[in-house]
Amino acid sequence: QVQLVESGGGLVQAGGSLRLSCAPSGRIFNIHTMAWYRQAPGKQRELVAAIPSGGSTNYRDSVKGRFTISRDDAKNTVYLQMNSLKPEDTAVYYCNMRTNDYNYYWGQGTQVTVSS
């Protein structure tokens with residue numbers, strides 16, 4: 001079964017940057033939306049950013065102007081550039097992809113820790 005594989009997480013000081021990447025372990029056809037979610041300890045998983053095929057990106061308010069989501073359809077890869085990181089951005093970040101016929105794929109998550 002195809003799974004998504006995230007990379008790029010780590011420990012960074014406040015104000016620093018990280019770039020997350022996510023690609024499937026095999027081929028996925030007709031991906032409509034690629035997205036990043038995150039889950040902090042004791043909190044629910046929340047949408048960080050999403051990029052639909054041919055549509056406009058959307059971000060949660062707390063990351064607007066700091067994070068940028070992008071995709072490379074030739075590689076079935078989605079990226080999340082995170083700048084000006086804050087301690088409240090600390091979480092496990094998950095990649096998600098949805099196909100045109102509503103099949104969903106998730107990654108195992110990558111830890112992002114921002115120290116103050």
# chains A, B, ... in the order shown; residues from 1 in each chain; ligands from 1

$ residues_around --residues "region 19-29 of chain A" --least-positions-apart "6" --cutoff "8 Å" --atoms "only C-alpha atoms" --output "VMD selection string"
chain A and resid 2 to 9 75 to 82 95 99 107

$ residues_around --residues "Ala35 (chain A)" --least-positions-apart "4" --cutoff "8 Å" --atoms "only C-alpha atoms" --output "list of chain:residue names"
A:Leu47, A:Val48, A:Ala49, A:Ala50, A:Ile51, A:Val78, A:Cys95, A:Asn96, A:Met97

$ residues_around --residues "Ser53 (chain A)" --least-positions-apart "6" --cutoff "9 Å" --atoms "only C-alpha atoms" --output "ChimeraX atom specification"
/A:31-34,73

$ select_by_dssp --residues "region 36-114 of chain A" --states "strand (DSSP E or B)" --output "ChimeraX atom specification"
/A:36-39,46-52,58-59,67-72,77-82,91-99,104-107,110-114

$ residues_around --residues "Gln39 (chain A)" --least-positions-apart "3" --cutoff "10 Å" --atoms "only C-alpha atoms" --output "number ranges by chain"
A: 42-48, 89-94, 109, 111

$ select_by_dssp --residues "chain A" --states "helix (DSSP H, G or I)" --output "list of chain:residue names"
A:Asp61, A:Ser62, A:Val63, A:Pro87, A:Glu88, A:Asp89

$ write_last_selection --atoms "all heavy atoms" --output "mmCIF file, in the first residue's frame"
data_model
loop_
_atom_site.group_PDB
_atom_site.id
_atom_site.type_symbol
_atom_site.label_atom_id
_atom_site.label_comp_id
_atom_site.auth_asym_id
_atom_site.auth_seq_id
_atom_site.Cartn_x
_atom_site.Cartn_y
_atom_site.Cartn_z
ATOM 1 N N ASP A 61 -4.754 31.021 9.809
ATOM 2 C CA ASP A 61 -4.379 32.412 10.045
ATOM 3 C C ASP A 61 -3.028 32.552 10.740
ATOM 4 O O ASP A 61 -2.256 33.471 10.434
ATOM 5 C CB ASP A 61 -5.451 33.114 10.882
ATOM 6 C CG ASP A 61 -6.709 33.394 10.083
ATOM 7 O OD1 ASP A 61 -6.668 33.317 8.841
ATOM 8 O OD2 ASP A 61 -7.740 33.684 10.709
ATOM 9 N N SER A 62 -2.728 31.670 11.653
ATOM 10 C CA SER A 62 -1.520 31.826 12.470
ATOM 11 C C SER A 62 -0.223 31.623 11.684
ATOM 12 O O SER A 62 0.853 31.974 12.174
ATOM 13 C CB SER A 62 -1.552 30.855 13.655
ATOM 14 O OG SER A 62 -1.590 29.523 13.209
ATOM 15 N N VAL A 63 -0.297 31.080 10.468
ATOM 16 C CA VAL A 63 0.927 30.856 9.686
ATOM 17 C C VAL A 63 0.982 31.723 8.426
ATOM 18 O O VAL A 63 1.986 31.697 7.709
ATOM 19 C CB VAL A 63 1.094 29.369 9.301
ATOM 20 C CG1 VAL A 63 0.987 28.476 10.525
ATOM 21 C CG2 VAL A 63 0.098 28.952 8.222
ATOM 22 N N PRO A 87 7.801 29.183 18.853
ATOM 23 C CA PRO A 87 7.650 27.999 19.710
ATOM 24 C C PRO A 87 6.275 27.350 19.580
ATOM 25 O O PRO A 87 6.165 26.116 19.674
ATOM 26 C CB PRO A 87 7.878 28.559 21.113
ATOM 27 C CG PRO A 87 8.805 29.707 20.900
ATOM 28 C CD PRO A 87 8.361 30.326 19.602
ATOM 29 N N GLU A 88 5.247 28.146 19.320
ATOM 30 C CA GLU A 88 3.894 27.586 19.167
ATOM 31 C C GLU A 88 3.710 26.814 17.872
ATOM 32 O O GLU A 88 2.661 26.192 17.662
ATOM 33 C CB GLU A 88 2.833 28.685 19.289
ATOM 34 C CG GLU A 88 3.078 29.880 18.399
ATOM 35 C CD GLU A 88 3.768 31.026 19.130
ATOM 36 O OE1 GLU A 88 4.734 30.757 19.896
ATOM 37 O OE2 GLU A 88 3.357 32.188 18.930
ATOM 38 N N ASP A 89 4.694 26.823 16.996
ATOM 39 C CA ASP A 89 4.660 25.990 15.790
ATOM 40 C C ASP A 89 5.135 24.565 16.082
ATOM 41 O O ASP A 89 5.054 23.695 15.209
ATOM 42 C CB ASP A 89 5.535 26.585 14.691
ATOM 43 C CG ASP A 89 5.028 27.932 14.190
ATOM 44 O OD1 ASP A 89 3.799 28.070 14.022
ATOM 45 O OD2 ASP A 89 5.855 28.829 13.964
#

$ atom_distance --atom1 "CA of Arg71 (chain A)" --atom2 "CA of Trp36 (chain A)"
11.4 Å

$ atom_distance --atom1 "CA of Leu11 (chain A)" --atom2 "CA of Asn83 (chain A)"
13.4 Å

$ atom_distance --atom1 "CA of Gly16 (chain A)" --atom2 "CA of Ser84 (chain A)"
5.5 Å
